[in-house]
Amino acid sequence: MYQWRKFEFFEEKYAGKRLVPDEVAGRIECCSSGRGKIAVGCDDGTVSLLDRGFKFSYGFQAHTSSVLFLQQLKQRNFLLTVGEDEQISPQLSSVCLKVFDLDKTQPEGPSTSIPDCIQILRIFTNQFPEAKITSFLVLEEAPPILLIAIGLDNGCIYCIQGDIARERIKRFMLQVENRQDKTQCSITGMGFRVDGKAFQLFAVTPTSVSLFNLQTQPASRQTLDQIGSNVNSVAMNDRLELIIGRPEAVYFYEVDGRGPCWAFEGEKKFLGWFRGYLLCVIADQRTGSNTFNIYDLKNRLIAHSIVVKEVSHMLCEWGSILLIMNDKSAICIGEKDMESKLDMLFKKNLYTVAINLVQSQQADAAATAEVLRKYGDHLYSKQDFDEAMAQYIHTIGHLEPSYVIQKFLDAQRIYNLTNYLENLHEKGLASKDHTTLLLNCYTKLKDVDKLNIFIKSEDGVGEHKFDVETAIRVCRAANYHEHAMYVAKKAGRHEWYLKILLEDLGNYEEALQYISSLDQGQAGVTVKEYGKLLIEHKPAETIEILMKLCTEEGTHAYMLPSPVDFLNIFIHHPRSLMIFLEKYINKVKDSPAQVEIHNTLLELYLSSDLTFPLMSQSQANIGENGTSNGKLPQEHKDTKTENDHKERLEKGLVLLKHAWPSDQEQPLYDVDLAIILCEMNAFKEGLLYLYEKLKLYKEVIACYMRAHDHDGLIACCKRLGDSGTGGDPTLWADLLKYFGELGEDCSKEVKEVLTYIERDDILPPIMVLQTLSLNPCLSLSVIKDYISRKLEHESKLIEEDRRMIDKYQEETSTMRKEIQDLRTNARIFQLSKCTACTFTLDLPAVHFMCMHSFHQRCLGDNEKECPECAPEYRSVLEMKRNLEQNSKNQDQFFNQVKSSKDGFSVIAEYFGKGIISKTSKGLAAPPNSTTSGF
């Protein structure tokens with residue numbers, strides 16, 4: 001016991017010793033604390049209540065004779081007292097139990113008041129004989145239920161349970177000892193133990209320690225020890241263990257018997273428990289002095305020690321320990337704050353004690369870490385780096401890691417630093433910089449085993465105890481590619497895994513296998529990022545992966561990636577792109593991106609400078625034949641390039657045709673782009689096909705004209721200039737104009753063109769003559785036969801027109817004579833039958849000038865027209881009205897003039913029908929028009 005260190009973790013408050021107030025006049029018999037006050041019972045029957053600092057609050061007469069025991073309740077502001085009152089009769093004991101409600105008072109005079117006494121109980125009855133009370137204890141079960149235990153000198157414990165204030169109680173007795181010698185069976189101490197709903201009671205006598213289980217009926221008793229203790233040396237700790245003080249030691253008892261004991265010599269006059277400390281007043285028989293010690297049992301130290309006078313009572317209240325002496329002096333001892341205690345230990349370099357102290361008192365983690373840091377700093381200053389690091393490791397999570405890292409970087413203690421960084425990662429508190437530093441430590445130490453453990457531990461990556469990207473970057477920089485790849489693969493960082501494989505190791509085959517093993521989404525992302533490298537070194541295999549991605553069977557087309565998404569990886573490898581797109585369109589016929597794909601393919605097919613990669617074997621063979629640098633001769637290269645271009649143009653023409661099905665109005669490619677590509681690359685066949693599909697026939701023949709292909713030009717006009725098949729006959733006129741302006745002898749072609757112009761009567765002869773007269777290389781013999789035939793044909797037409805004129809003139813003359821006759825001469829009607837009913841004509845009858853006669857009854861009311869001639873007459877009138885109405889539609893007239901081969905005939909027809917015969921109602925010419933258009 002003498003080996004325990006002593007410290008002054010407590011100090012006396014209120015500037016040293018205090019005195020019990022003078023208002024407490026009698027000898028103090030009992031004390032109790034609670035609810036911020038101290039209740040003091042005296043031998044004169046008074047009870048005094050003291051405030052903080054032993055200041056008198058008020059007092060009252062609780063009993064007439066003496067207050068033996070009292071206890072304040074915690075849950076209600078009640079005070080229970082046991083004392084002696086006046087004896088009413090010899091049969092009734094003077095000892096009684098009183099309950100005071102401290103919240104209620106009643107006047108006791110003009111200037112004072114006393115608490116309301118709400119209940120008085122006689123302790124001893126016929127069933128419970130009177131004996132000397134040696135101990136008193138109250139347990140608050142659940143308000144208002146109380147359990148009161150009263151220990152006697154005869155070895156019995158009287159128990160009162162229930163609502164004491166309303167006297168709804170039950171009494172029972174517990175028998176502890178049954179001996180003749182009362183000094184050996186007196187109840188010297190008690191303690192309640194509550195375990196859930198189970199209530200247990202410790203009972204101590206000078207010769208035994210017992211435990212009663214109050215849940216059973218009757219209560220069962222268990223003897224824990226055959227040795228007991230004297231008065232005032234019994235207490236309960238916060239773990240609900242019973243503490244008993246004997247001269248040789250202090251013993252702890254649990255429900256199953258004696259527990260640990262502490263050998264403190266000396267008579268234990270008082271025992272107590274305060275915030276995990278054991279309180280003990282020990283009498284030294286040799287010196288006759290009393291010492292008050294506060295023991296920290298966990299840390300095996302004496303937290304406070306002071307020599308005191310004869311102590312009469314020991315209490316705990318206001319966060320302090322209160323000692324009341326026999327001479328009514330008092331000492332108030334309070335615990336110092338943690339910072340003061342630690343400063344005291346730090347000054348003595350007692351860091352281990354400080355650590356144990358903060359841990360035992362359940363200080364917060366930050367305070368514990370601060371103590372550990374100071375201890376670590378102390379060890380570091382002594383160059384005990386290993387032990388210092390052991391302390392710093394315990395501060396992880398509270399101490400800034402840079403504080404420790406900087407120290408050990410300066411000391412060049414890479415092993416200690418590695419240990420600290422490992423623990424930092426183990427607790428999941430490492431940053432990217434910490435990961436970088438730890439991996440650098442491993443690589444500098446060349447400790448591959450530890451690197452393996454750190455990288456490949458089962459829970460390392462899964463729980464993200466280090467920054468994955470940082471670990472990969474550091475391992476990669478240190479040429480630990482295997483470790484970097486392991487981390488990347490396990491963490492699912494596919495881009496890093498492939499970056500190492502491709503950029504560092506050049507392992508393209510494994511990279512392709514890895515991409516194939518990924519799910520579709522991840523594979524697509526990685527191919528987009530690293531496709532350029534893969535296409536450069538493994539084009540065929542990369543294309544196969546792309547085909548698998550874009551044409552995965554069993555997956556809806558709209559969910560698959562489009563080949564267009566991967567065009568950028570072929571930026572320097574157009575031939576591989578062409579192969580990929582060809583394979584794709586051969587397999588997928590209805591791709592949503594087919595327009596973009598066809599556009600791209602057209603550009604590749606028609607491009608004149610598409611590179612033609614040479615096979616390595618061909619290069620080797622050529623090298624063996626003596627060609628320098630293993631390259632093909634220029635003429636061989638040109639031949640291959642030319643053949644390749646020709647083959648691609650053929651593919652382009654096939655694509656233009658197949659991608660424009662006959663049943664679709666628009667092609668599966670961009671027509672404008674296709675025309676531009678054909679123009680840029682001088683792809684005549686493509687242009688001709690597109691112009692013909694778009695019915696741009698004039699552009700078609702313009703292509704032949706630019707190419708000076710006369711045979712093709714004429715053949716094209718034969719195919720496209722036939723109006724019977726939807727062609728444009730005006731192409732022949734354009735063709736004639738072309739030959740007229742050609743400036744060279746093209747007699748053969750002109751004769752053939754004139755054949756079709758004459759056949760379809762496309763141009764008047766005068767225009768043919770004017771057009772061909774521009775070519776000085778053409779002779780009159782070219783058009784001699786054509787002119788002869790046209791003159792002969794025109795002569796026949798003129799003759800026919802003359803005959804028709806004579807006929808119409810004769811008919812007109814006859815009609816005029818008939819009109820004159822109707823106007824000047826009478827008409828004789830000789831019809832004998834009605835034209836309508838064919839019966840004999842009788843009166844009344846109606847005769848018309850058209851020589852038709854009718855019964856009046858056969859005609860309708862107000863009928864003024866001949867029923868027989870009226871329909872024909874109306875049709876003539878309707879035709880005239882329509883013609884007059886059309887005469888007002890100028891646009892129709894001018895359109896007919898422009899579209900007609902002979903505009904003069906259209907005008908003559910309008911005059912002939914009498915539509916524009918009247919100048920006042922004649923047609924006005926449209927704006928900006930001239931009569932030369934007729």
# chains A, B, ... in the order shown; residues from 1 in each chain; ligands from 1
>>> residues_around(residues="Thr395 (chain A)", least_positions_apart="2", cutoff="7 Å", atoms="only C-alpha atoms", output="JSON, numbers by chain")
{"A": [369, 372, 373, 391, 392, 393, 397, 398, 399]}
>>> residues_around(residues="Gln200 (chain A)", least_positions_apart="4", cutoff="10 Å", atoms="only C-alpha atoms", output="number ranges by chain")
A: 191-195, 211-215, 219-221, 255
>>> write_last_selection(atoms="N, CA and C atoms", output="PDB file, in the first residue's frame")
ATOM      1  N   GLY A 191     -27.531  -2.244   2.131  1.00  0.00           N
ATOM      2  CA  GLY A 191     -27.395  -1.639   0.803  1.00  0.00           C
ATOM      3  C   GLY A 191     -28.375  -2.264  -0.167  1.00  0.00           C
ATOM      4  N   PHE A 192     -29.144  -1.411  -0.876  1.00  0.00           N
ATOM      5  CA  PHE A 192     -30.085  -1.908  -1.879  1.00  0.00           C
ATOM      6  C   PHE A 192     -29.377  -2.091  -3.221  1.00  0.00           C
ATOM      7  N   ARG A 193     -29.754  -3.155  -3.897  1.00  0.00           N
ATOM      8  CA  ARG A 193     -29.259  -3.401  -5.257  1.00  0.00           C
ATOM      9  C   ARG A 193     -30.461  -3.650  -6.160  1.00  0.00           C
ATOM     10  N   VAL A 194     -30.579  -2.827  -7.197  1.00  0.00           N
ATOM     11  CA  VAL A 194     -31.713  -2.924  -8.130  1.00  0.00           C
ATOM     12  C   VAL A 194     -31.186  -3.423  -9.462  1.00  0.00           C
ATOM     13  N   ASP A 195     -31.705  -4.548  -9.927  1.00  0.00           N
ATOM     14  CA  ASP A 195     -31.318  -5.133 -11.218  1.00  0.00           C
ATOM     15  C   ASP A 195     -32.589  -5.309 -12.041  1.00  0.00           C
ATOM     16  N   LEU A 211     -27.287 -11.603   1.572  1.00  0.00           N
ATOM     17  CA  LEU A 211     -28.003 -10.983   0.441  1.00  0.00           C
ATOM     18  C   LEU A 211     -29.403 -11.558   0.409  1.00  0.00           C
ATOM     19  N   PHE A 212     -30.428 -10.677   0.443  1.00  0.00           N
ATOM     20  CA  PHE A 212     -31.832 -11.079   0.394  1.00  0.00           C
ATOM     21  C   PHE A 212     -32.396 -10.762  -0.994  1.00  0.00           C
ATOM     22  N   ASN A 213     -33.102 -11.744  -1.534  1.00  0.00           N
ATOM     23  CA  ASN A 213     -33.827 -11.536  -2.792  1.00  0.00           C
ATOM     24  C   ASN A 213     -35.263 -11.208  -2.436  1.00  0.00           C
ATOM     25  N   LEU A 214     -35.678  -9.962  -2.620  1.00  0.00           N
ATOM     26  CA  LEU A 214     -36.986  -9.503  -2.172  1.00  0.00           C
ATOM     27  C   LEU A 214     -38.096  -9.837  -3.153  1.00  0.00           C
ATOM     28  N   GLN A 215     -37.766 -10.438  -4.290  1.00  0.00           N
ATOM     29  CA  GLN A 215     -38.804 -10.795  -5.253  1.00  0.00           C
ATOM     30  C   GLN A 215     -39.535 -12.064  -4.851  1.00  0.00           C
ATOM     31  N   ALA A 219     -38.857 -13.676   1.325  1.00  0.00           N
ATOM     32  CA  ALA A 219     -37.572 -13.316   0.752  1.00  0.00           C
ATOM     33  C   ALA A 219     -36.522 -14.366   1.087  1.00  0.00           C
ATOM     34  N   SER A 220     -35.761 -14.765   0.064  1.00  0.00           N
ATOM     35  CA  SER A 220     -34.715 -15.774   0.279  1.00  0.00           C
ATOM     36  C   SER A 220     -33.419 -15.098   0.705  1.00  0.00           C
ATOM     37  N   ARG A 221     -32.631 -15.791   1.504  1.00  0.00           N
ATOM     38  CA  ARG A 221     -31.382 -15.240   2.047  1.00  0.00           C
ATOM     39  C   ARG A 221     -30.213 -16.075   1.580  1.00  0.00           C
ATOM     40  N   VAL A 255     -23.138 -10.207  -6.034  1.00  0.00           N
ATOM     41  CA  VAL A 255     -24.268 -11.071  -5.672  1.00  0.00           C
ATOM     42  C   VAL A 255     -23.838 -12.520  -5.479  1.00  0.00           C
TER      43      VAL A 255
END
>>> atom_distance(atom1="CA of Leu731 (chain A)", atom2="CA of Ile701 (chain A)")
7.9 Å
>>> closest_residue(among="A:Gly155, A:Pro729, A:Gly245, A:Gly53", to="Ile333 (chain A)", atoms="only C-alpha atoms")
A:Gly53
>>> closest_residue(among="A:Leu602, A:Glu503, A:Val40, A:Val448", to="His313 (chain A)", atoms="only C-alpha atoms")
A:Val40
>>> select_by_dssp(residues="region 201-329 of chain A", states="strand (DSSP E)", output="number ranges by chain")
A: 201-205, 208-213, 220-225, 234-236, 242-245, 250-254, 257-262, 267-274, 277-283, 290-296, 301-308, 311-317, 320-325, 329
>>> residues_around(residues="Arg719 (chain A)", least_positions_apart="5", cutoff="12 Å", atoms="only C-alpha atoms", output="list in words")
Glu692, Tyr697, Val700, Ile701, Gly712, Leu713, Ile714, Gly724, Thr725, Gly726, Gly727, Asp728, Pro729, Leu731, Trp732 and Tyr756 of chain A
>>> select_by_dssp(residues="region 250-376 of chain A", states="helix (DSSP H, G or I)", output="ChimeraX atom specification")
/A:338-347,351-360,365-376
>>> write_last_selection(atoms="C-alpha atoms", output="PDB file, in the first residue's frame")
ATOM      1  CA  MET A 338      -8.843  17.550 -15.534  1.00  0.00           C
ATOM      2  CA  GLU A 339      -6.546  20.190 -16.955  1.00  0.00           C
ATOM      3  CA  SER A 340      -5.119  21.005 -13.531  1.00  0.00           C
ATOM      4  CA  LYS A 341      -4.549  17.351 -12.735  1.00  0.00           C
ATOM      5  CA  LEU A 342      -2.862  16.763 -16.051  1.00  0.00           C
ATOM      6  CA  ASP A 343      -0.634  19.814 -15.673  1.00  0.00           C
ATOM      7  CA  MET A 344       0.459  18.458 -12.323  1.00  0.00           C
ATOM      8  CA  LEU A 345       1.367  15.122 -13.918  1.00  0.00           C
ATOM      9  CA  PHE A 346       3.050  16.687 -16.940  1.00  0.00           C
ATOM     10  CA  LYS A 347       5.347  18.730 -14.704  1.00  0.00           C
ATOM     11  CA  TYR A 351       2.590  10.670 -18.702  1.00  0.00           C
ATOM     12  CA  THR A 352       1.547   7.069 -18.184  1.00  0.00           C
ATOM     13  CA  VAL A 353      -0.345   8.118 -15.073  1.00  0.00           C
ATOM     14  CA  ALA A 354      -1.970  10.926 -17.018  1.00  0.00           C
ATOM     15  CA  ILE A 355      -3.027   8.554 -19.766  1.00  0.00           C
ATOM     16  CA  ASN A 356      -4.486   6.090 -17.307  1.00  0.00           C
ATOM     17  CA  LEU A 357      -6.236   8.939 -15.541  1.00  0.00           C
ATOM     18  CA  VAL A 358      -8.041  10.327 -18.565  1.00  0.00           C
ATOM     19  CA  GLN A 359      -8.986   6.840 -19.746  1.00  0.00           C
ATOM     20  CA  SER A 360     -10.315   5.750 -16.359  1.00  0.00           C
ATOM     21  CA  ALA A 365     -11.266  11.233 -27.030  1.00  0.00           C
ATOM     22  CA  ALA A 366      -9.808  14.631 -27.874  1.00  0.00           C
ATOM     23  CA  ALA A 367      -8.519  15.102 -24.314  1.00  0.00           C
ATOM     24  CA  THR A 368      -7.033  11.602 -24.318  1.00  0.00           C
ATOM     25  CA  ALA A 369      -5.357  12.277 -27.650  1.00  0.00           C
ATOM     26  CA  GLU A 370      -3.821  15.481 -26.317  1.00  0.00           C
ATOM     27  CA  VAL A 371      -2.257  13.594 -23.391  1.00  0.00           C
ATOM     28  CA  LEU A 372      -0.935  10.945 -25.754  1.00  0.00           C
ATOM     29  CA  ARG A 373       0.509  13.661 -27.981  1.00  0.00           C
ATOM     30  CA  LYS A 374       2.397  15.237 -25.110  1.00  0.00           C
ATOM     31  CA  TYR A 375       3.672  11.855 -24.058  1.00  0.00           C
ATOM     32  CA  GLY A 376       4.750  11.197 -27.616  1.00  0.00           C
TER      33      GLY A 376
END
>>> residues_around(residues="Phe100 (chain A)", least_positions_apart="3", cutoff="10 Å", atoms="only C-alpha atoms", output="JSON, numbers by chain")
{"A": [62, 72, 77, 78, 79, 80, 81, 103, 104, 105, 114, 115, 116, 117, 118, 119, 120, 165]}
>>> residues_around(residues="Lys269 (chain A)", least_positions_apart="6", cutoff="8 Å", atoms="only C-alpha atoms", output="PyMOL selection string")
chain A and resi 231-233+280-283
>>> atom_distance(atom1="CA of Glu529 (chain A)", atom2="CA of Ala478 (chain A)")
24.2 Å
>>> residues_around(residues="Ser607 (chain A)", least_positions_apart="2", cutoff="9 Å", atoms="only C-alpha atoms", output="MDAnalysis selection string")
chainID A and resid 602:605 609:610 645 648:649 677 680:681
>>> atom_distance(atom1="CA of Gly743 (chain A)", atom2="CA of Ile783 (chain A)")
16.7 Å
>>> residues_around(residues="Asn586 (chain A)", least_positions_apart="6", cutoff="12 Å", atoms="only C-alpha atoms", output="PyMOL selection string")
chain A and resi 547+551+579-580+594+597-598+655
>>> closest_residue(among="A:His434, A:Leu424, A:Leu73, A:Val82", to="Ile145 (chain A)", atoms="only C-alpha atoms")
A:Leu73
>>> closest_residue(among="A:Ile585, A:Leu437, A:Cys185, A:Leu498", to="Glu510 (chain A)", atoms="only C-alpha atoms")
A:Leu498
